[in-house]
>>> print(open('work_1.csv').read())   # CSV, C-alpha atoms
chain,number,residue,atom,x,y,z
A,299,MET,CA,20.0,-92.2,-118.0
A,300,LYS,CA,22.6,-91.4,-115.4
A,301,ILE,CA,21.6,-88.5,-113.1
A,302,SER,CA,23.8,-85.9,-111.5
A,303,SER,CA,23.3,-82.8,-109.5
A,304,TYR,CA,24.9,-79.4,-109.0
A,305,SER,CA,24.1,-76.9,-106.2
A,306,ALA,CA,22.8,-73.6,-107.6
A,307,LYS,CA,21.8,-70.4,-105.8
A,308,ASN,CA,18.9,-70.0,-103.3
A,309,GLY,CA,18.8,-73.6,-102.2
A,310,LYS,CA,18.2,-75.0,-105.7
A,311,ILE,CA,19.7,-78.0,-107.3
A,312,LYS,CA,20.4,-78.3,-111.0
A,313,ILE,CA,19.6,-81.7,-112.3
A,314,TYR,CA,21.6,-83.3,-115.2
A,315,ALA,CA,21.0,-86.5,-117.1
A,316,ASP,CA,23.8,-87.9,-119.2
A,317,GLY,CA,25.6,-84.6,-118.8
A,318,GLU,CA,22.8,-82.5,-120.1
A,319,GLU,CA,21.1,-79.9,-117.8
A,320,LEU,CA,17.4,-80.7,-117.6
A,321,PHE,CA,15.8,-78.6,-114.8
A,322,THR,CA,16.2,-77.1,-111.3
A,323,VAL,CA,14.5,-78.3,-108.1
A,324,PRO,CA,14.5,-77.1,-104.5
A,325,ALA,CA,17.2,-78.8,-102.5
A,326,VAL,CA,14.6,-80.2,-100.2
A,327,ILE,CA,12.9,-82.0,-103.1
A,328,TRP,CA,16.2,-83.4,-104.3
A,329,ASN,CA,17.2,-84.6,-100.8
A,330,SER,CA,13.9,-86.3,-100.2
A,331,SER,CA,14.0,-88.0,-103.5
A,332,ARG,CA,16.7,-90.4,-102.3
A,333,LEU,CA,18.3,-90.2,-105.7
A,334,LYS,CA,22.1,-89.9,-105.8
A,335,ASP,CA,24.6,-88.8,-108.4
A,336,GLY,CA,25.3,-91.6,-110.7
A,337,ASP,CA,21.9,-93.4,-110.3
A,338,ASP,CA,20.3,-94.8,-113.4
A,339,VAL,CA,16.8,-93.2,-113.7
A,340,SER,CA,13.9,-93.6,-116.0
A,341,SER,CA,12.2,-90.7,-117.8
A,342,GLU,CA,9.2,-91.3,-115.5
A,343,GLU,CA,11.3,-90.8,-112.4
A,344,LEU,CA,12.7,-87.6,-113.9
A,345,SER,CA,9.2,-86.4,-114.7
A,346,ARG,CA,8.1,-87.1,-111.2
A,347,LEU,CA,11.1,-85.2,-109.7
A,348,LYS,CA,10.4,-82.2,-112.0
A,349,ALA,CA,6.7,-82.2,-111.1
A,350,GLN,CA,7.5,-82.2,-107.4
A,351,GLY,CA,10.0,-79.3,-108.0
A,352,ASP,CA,7.5,-77.4,-110.0
A,353,SER,CA,4.8,-77.9,-107.3
A,354,SER,CA,7.1,-76.7,-104.6
A,355,ALA,CA,8.2,-73.7,-106.6
A,356,ALA,CA,4.6,-72.7,-107.5
A,357,LEU,CA,3.6,-72.9,-103.8
A,358,GLU,CA,6.6,-70.8,-102.8
A,359,SER,CA,5.7,-68.2,-105.4
A,360,ALA,CA,2.0,-68.2,-104.4
A,361,LEU,CA,2.9,-67.6,-100.8
A,362,ARG,CA,5.2,-64.7,-101.7
A,363,MET,CA,2.4,-63.2,-103.9
A,364,THR,CA,-0.2,-63.5,-101.2
A,365,ASP,CA,2.2,-62.0,-98.6
A,366,LEU,CA,2.4,-58.9,-100.8
A,367,ARG,CA,-1.4,-58.4,-101.2
A,368,ASP,CA,-4.6,-60.4,-101.2
A,369,HIS,CA,-5.6,-62.1,-104.5
A,370,SER,CA,-8.7,-63.9,-105.8
A,371,GLU,CA,-8.2,-67.6,-106.6
A,372,TYR,CA,-8.6,-66.8,-110.4
A,373,GLU,CA,-6.2,-63.9,-110.3
A,374,LEU,CA,-3.5,-65.9,-108.5
A,375,ARG,CA,-4.0,-68.9,-110.8
A,376,GLN,CA,-3.5,-66.7,-113.9
A,377,LYS,CA,-0.3,-65.3,-112.5
A,378,LEU,CA,1.1,-68.7,-111.6
A,379,LEU,CA,0.2,-70.2,-115.0
A,380,ARG,CA,2.5,-67.8,-116.7
A,381,LYS,CA,5.4,-69.6,-115.1
A,382,TYR,CA,4.4,-73.1,-113.9
A,383,PRO,CA,2.5,-76.1,-115.4
A,384,LYS,CA,-1.2,-76.5,-114.6
A,385,GLU,CA,-0.6,-79.4,-112.2
A,386,ALA,CA,1.9,-77.4,-110.1
A,387,VAL,CA,-0.5,-74.5,-110.0
A,388,ASP,CA,-3.4,-76.7,-109.0
A,389,TYR,CA,-1.3,-78.1,-106.2
A,390,ALA,CA,-0.3,-74.6,-105.0
A,391,ILE,CA,-3.9,-73.2,-105.1
A,392,SER,CA,-5.2,-76.3,-103.3
A,393,ARG,CA,-2.7,-75.9,-100.5
A,394,LEU,CA,-3.5,-72.1,-100.1
A,395,LEU,CA,-7.2,-72.9,-100.0
A,396,ASP,CA,-6.6,-75.6,-97.4
A,397,ILE,CA,-4.7,-73.2,-95.1
A,398,GLY,CA,-7.1,-70.3,-95.6
A,399,TYR,CA,-4.7,-68.0,-97.5
A,400,LEU,CA,-7.2,-67.8,-100.4
A,401,ASP,CA,-10.8,-66.8,-99.6
A,402,ASP,CA,-12.8,-65.2,-102.5
A,403,GLU,CA,-15.7,-64.2,-100.3
A,404,LYS,CA,-13.5,-62.3,-97.9
A,405,TYR,CA,-11.5,-60.9,-100.7
A,406,ALA,CA,-14.6,-59.6,-102.4
A,407,LEU,CA,-15.7,-57.7,-99.3
A,408,LEU,CA,-12.3,-56.1,-98.8
A,409,LEU,CA,-11.8,-55.1,-102.4
A,410,ALA,CA,-15.3,-53.7,-102.7
A,411,GLU,CA,-14.8,-51.6,-99.6
A,412,GLU,CA,-11.4,-50.3,-101.0
A,413,LEU,CA,-12.8,-49.5,-104.4
A,414,TYR,CA,-15.7,-47.5,-102.9
A,415,ARG,CA,-13.7,-45.7,-100.1
A,416,LYS,CA,-10.5,-45.0,-101.9
A,417,LYS,CA,-11.6,-44.6,-105.6
A,418,GLY,CA,-15.2,-43.6,-105.2
A,419,PHE,CA,-16.5,-46.3,-107.6
A,420,ALA,CA,-20.2,-46.8,-108.0
A,421,PRO,CA,-21.8,-50.3,-107.5
A,422,LYS,CA,-21.7,-51.0,-111.3
A,423,ARG,CA,-18.0,-50.4,-111.6
A,424,ILE,CA,-17.2,-52.3,-108.4
A,425,LEU,CA,-19.1,-55.3,-109.7
A,426,LEU,CA,-17.1,-55.1,-113.0
A,427,GLU,CA,-13.8,-55.0,-111.1
A,428,LEU,CA,-14.8,-58.0,-109.0
A,429,LYS,CA,-15.9,-59.9,-112.1
A,430,ASN,CA,-12.5,-59.1,-113.8
A,431,ARG,CA,-10.8,-60.7,-110.9
A,432,GLY,CA,-12.8,-63.9,-111.3
A,433,ILE,CA,-15.0,-63.4,-108.2
A,434,ASP,CA,-18.2,-65.4,-108.1
A,435,ALA,CA,-21.3,-63.3,-108.9
A,436,GLU,CA,-23.0,-64.1,-105.6
A,437,TYR,CA,-19.9,-63.0,-103.6
A,438,SER,CA,-19.7,-59.9,-105.7
A,439,GLU,CA,-23.3,-58.9,-105.1
A,440,ASN,CA,-23.1,-59.6,-101.4
A,441,ALA,CA,-19.9,-57.5,-101.2
A,442,VAL,CA,-21.5,-54.5,-102.9
A,443,ASN,CA,-24.7,-54.9,-100.9
A,444,SER,CA,-22.7,-54.7,-97.7
A,445,LEU,CA,-21.5,-51.2,-98.6
A,446,ASP,CA,-23.4,-48.1,-97.6
A,447,ILE,CA,-23.1,-46.4,-101.0
A,448,ASP,CA,-24.5,-42.9,-101.4
A,449,THR,CA,-24.6,-42.1,-105.1
A,450,LYS,CA,-25.3,-38.4,-104.5
A,451,ILE,CA,-22.2,-38.0,-102.2
A,452,GLY,CA,-20.0,-39.9,-104.6
A,453,ILE,CA,-20.9,-37.7,-107.6
A,454,ILE,CA,-20.8,-34.5,-105.6
A,455,LYS,CA,-17.3,-35.3,-104.3
A,456,MET,CA,-16.0,-35.7,-107.8
A,457,ILE,CA,-17.7,-32.5,-109.0
A,458,GLU,CA,-16.1,-30.6,-106.1
A,459,LYS,CA,-12.7,-32.4,-106.6
A,460,TYR,CA,-12.5,-31.1,-110.1
A,461,GLY,CA,-13.7,-27.6,-109.1
A,462,ILE,CA,-16.9,-27.6,-111.2
A,463,THR,CA,-19.0,-24.4,-110.6
A,464,GLU,CA,-21.6,-22.5,-112.5
A,465,ASN,CA,-18.7,-20.8,-114.3
A,466,SER,CA,-17.1,-24.0,-115.6
A,467,THR,CA,-16.9,-24.6,-119.3
A,468,ASP,CA,-18.7,-27.3,-121.1
A,469,LYS,CA,-15.3,-28.9,-121.8
A,470,GLU,CA,-14.5,-29.0,-118.0
A,471,LYS,CA,-18.0,-30.4,-117.2
A,472,ASN,CA,-17.7,-33.1,-120.0
A,473,ARG,CA,-14.4,-34.2,-118.6
A,474,VAL,CA,-16.0,-34.8,-115.1
A,475,ILE,CA,-19.0,-36.5,-116.7
A,476,ARG,CA,-16.7,-39.0,-118.6
A,477,ARG,CA,-14.8,-39.6,-115.4
A,478,LEU,CA,-18.0,-40.3,-113.4
A,479,VAL,CA,-19.4,-42.6,-116.2
A,480,ASN,CA,-16.1,-44.5,-116.1
A,481,MET,CA,-16.5,-44.8,-112.3
A,482,GLY,CA,-19.9,-46.5,-112.9
A,483,TYR,CA,-22.4,-43.7,-112.3
A,484,SER,CA,-25.4,-43.4,-114.5
A,485,LEU,CA,-25.8,-40.4,-116.8
A,486,SER,CA,-29.2,-39.6,-115.2
A,487,ASP,CA,-27.7,-39.4,-111.7
A,488,ILE,CA,-24.7,-37.4,-113.0
A,489,PHE,CA,-26.9,-34.8,-114.7
A,490,ARG,CA,-29.2,-34.6,-111.7
A,491,TYR,CA,-26.4,-33.6,-109.3
A,492,LEU,CA,-24.4,-31.7,-111.9
A,493,ASN,CA,-27.4,-29.4,-112.4
A,494,ILE,CA,-26.9,-28.1,-108.8
A,495,TYR,CA,-23.8,-26.4,-110.1
A,496,GLU,CA,-25.3,-24.7,-113.1
>>> encode(input="work_1.csv", output="structure tokens")
Amino acid sequence: MKISSYSAKNGKIKIYADGEELFTVPAVIWNSSRLKDGDDVSSEELSRLKAQGDSSAALESALRMTDLRDHSEYELRQKLLRKYPKEAVDYAISRLLDIGYLDDEKYALLLAEELYRKKGFAPKRILLELKNRGIDAEYSENAVNSLDIDTKIGIIKMIEKYGITENSTDKEKNRVIRRLVNMGYSLSDIFRYLNIYE
């Protein structure tokens, strides 16, 4: 197959074989391939060029995503797999692990702290959130255990936030109870501290 190239936007090169557009690669990948317009290439060479382009693009996307916010390895992998082949994603994840941009243990500590301080989640809900992001159970447990969680304060803050008093209706109290259960607090703890306001 005769290969040809065309400069596209954002430093990309469109690759053609026998006049048919096949894929796009970063210009740096094309330039380092030592291929030239008009070269006869095999399907293996084209596959190799595409794989290098995919790996480069996946790494670039991964770096952009981790610049916006921290991610767990699992979370980032799932996002990348929506757009790139597994081999390219494996390459990008491996590079980010090598340079320290991905660290599930550190991420678990930061996320657990945020979920407790900003959202008032109880340990049970924090563990669920960490699990949903693919964090190892040991890292999750350590992160939750590192927090100074006071169940009473968490529940009372929510009761006061929603203005629950001895004059509140059952409907108003039930709304707060559902919210607290969703935040990971046990019914026994909720009723214990809700009784203060009855």
>>> closest_atom_pairs(input="work_1.csv", of="stretch 387-483 of chain A", to="stretch 346-351 of chain A", cutoff="12 Å", atoms="only C-alpha atoms", output="JSON lines")
{"residue": "A:Val387", "atom": "CA", "partner": "A:Ala349", "partner_atom": "CA", "distance": 10.6}
{"residue": "A:Asp388", "atom": "CA", "partner": "A:Ala349", "partner_atom": "CA", "distance": 11.7}
{"residue": "A:Tyr389", "atom": "CA", "partner": "A:Gln350", "partner_atom": "CA", "distance": 9.8}
{"residue": "A:Ala390", "atom": "CA", "partner": "A:Gln350", "partner_atom": "CA", "distance": 11.2}
>>> closest_residue(input="work_1.csv", among="A:Met456, A:Ala325, A:Leu407, A:Ala356", to="A:Glu439", atoms="all atoms listed in the file")
A:Leu407
>>> atom_distance(input="work_1.csv", atom1="atom CA of A:Lys310", atom2="atom CA of A:Thr322")
6.3 Å
>>> closest_residue(input="work_1.csv", among="A:Arg476, A:Leu395, A:Tyr491, A:Ser370", to="A:Asp434", atoms="all atoms listed in the file")
A:Ser370
>>> residues_near_point(input="work_1.csv", point="(-24.9, -35.0, -115.1)", cutoff="9 Å", atoms="only C-alpha atoms", output="PyMOL selection string")
chain A and resi 453+471-472+474-475+478+484-493
>>> residues_around(input="work_1.csv", residues="A:Lys429", least_positions_apart="3", cutoff="12 Å", atoms="only C-alpha atoms", output="PyMOL selection string")
chain A and resi 370+372-373+402+406+409-410+422-426+432-439+441
